[in-house]
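Here is the structure we will look at.
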Amino acid sequence: MSDENQNERVPPGQRLTRKWPVLHVGHPPTFDAARWSFEVFGSVEAPQKWDWNAFNALPMTKMTVDMHCVTTWSKLDMTWRGVPIREILKLVRPTSDARHIIAHCDGGYTTNVSMEVLDDDDVMLAVACDGEPLSVDHGFPMRLVVPKRYAWKSAKWLRKLEFSPQDKPGFWEVRGYHNEADPWKEERFG
């Protein structure tokens, strides 16, 4: 890839990394396939809940995208495998008043994005990255991937998606991080 192409793909204030840094608050959860579930609820016509086997039976695809972190690193060409969010949207059918989603994760972590941001062809519920299952430190067994936002919006250890008419800022947002988190606008802090 040419330097010019890279420069067009790296937002202001970011630097490239070849590594995938590990950043999170608290300790990674222990995974038990027999007890794990993923639920979608709130402002949807058809709430859903899947166990690990049922979730893995959903249609999956691959996508290659760039990831940007508020701590200023950017990693290009990450290849994810998982369930496209639009597949989930078809199944749960958000109601007309659904304006925001709140991602609920193990350990009490939450983050929020608007429906406009969520309903994009590059958003997915990922189970693997670069040909390998996600590591525990990177969100195993599943994480939300929202490439057009800083990485804290790509919530690790995802367990629930809540669709809501109201915005509900999450863990980092209530601590001063920008609610929108657009790396191209350097929306790091509110």
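Ordering of the structure tokens sets the chain letters (A, B, ...); residue numbers start at 1 within each chain; ligands are numbered from 1 in the order shown.
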> Quick one: residues within 10 Å of Pro169 (chain A), only C-alpha atoms counted, chain neighbours fewer than 6 positions away excluded, as a PyMOL selection string?
Replying inline: chain A and resi 100-102+110-113+175+177-180
Any chance you could export the current selection's C-alpha atoms as a PDB file, in the first residue's frame?
```
ATOM      1  CA  HIS A 100     -30.138   4.619  19.782  1.00  0.00           C
ATOM      2  CA  ILE A 101     -28.627   1.322  20.830  1.00  0.00           C
ATOM      3  CA  ILE A 102     -26.873   0.603  24.066  1.00  0.00           C
ATOM      4  CA  THR A 110     -21.877  -0.113  28.265  1.00  0.00           C
ATOM      5  CA  THR A 111     -21.511   2.131  25.256  1.00  0.00           C
ATOM      6  CA  ASN A 112     -23.975   3.777  22.921  1.00  0.00           C
ATOM      7  CA  VAL A 113     -24.353   4.623  19.239  1.00  0.00           C
ATOM      8  CA  ARG A 175     -16.561  10.036  32.069  1.00  0.00           C
ATOM      9  CA  TYR A 177     -15.444  10.933  26.240  1.00  0.00           C
ATOM     10  CA  HIS A 178     -17.287  12.341  23.241  1.00  0.00           C
ATOM     11  CA  ASN A 179     -20.705  10.807  22.644  1.00  0.00           C
ATOM     12  CA  GLU A 180     -20.242  10.517  18.859  1.00  0.00           C
TER      13      GLU A 180
END
```
> Using only C-alpha atoms, which residues sit within 8 Å of region 12-17 of chain A once same-chain residues fewer than 5 positions away are excluded, as JSON, numbers by chain?
Replying inline: {"A": [68, 72, 73, 74, 75, 76, 183, 184, 185, 186]}
> Residues at most 9 Å from Val65 (chain A), counting only C-alpha atoms, excluding those fewer than 2 positions away in the same chain, as a PyMOL selection string?
Replying inline: chain A and resi 63+67+75-80+122+147
>> Considering only C-alpha atoms, can you say which of A:Glu39, A:Asp167, A:Glu187, A:Glu173 comes closest to Lys148 (chain A)?
In response: A:Glu187
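When CA of Arg99 (chain A) is paired with CA of Lys153 (chain A), their separation reads 16.2 Å.
Minimum atom-to-atom distances from A:Arg159, A:His27, A:Arg149, A:Lys168 to Cys69 (chain A) were compared using only C-alpha atoms, and the lowest value belongs to A:Arg149.
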>> Quick check for you: according to DSSP on this backbone, which residues of region 3-160 of chain A are classed as strand (DSSP E)? Reply as number ranges by chain.
In response: A: 15-16, 37-42, 48-51, 61-68, 73-84, 100-105, 110-114, 124-129, 132-133, 143-145, 158-160
>> Run DSSP on the backbone and tell me which residues of region 45-132 of chain A come out as helix (DSSP H, G or I); list them as an NGL selection string.
In response: :A and (52-56 or 85-92 or 106-108 or 115-118)
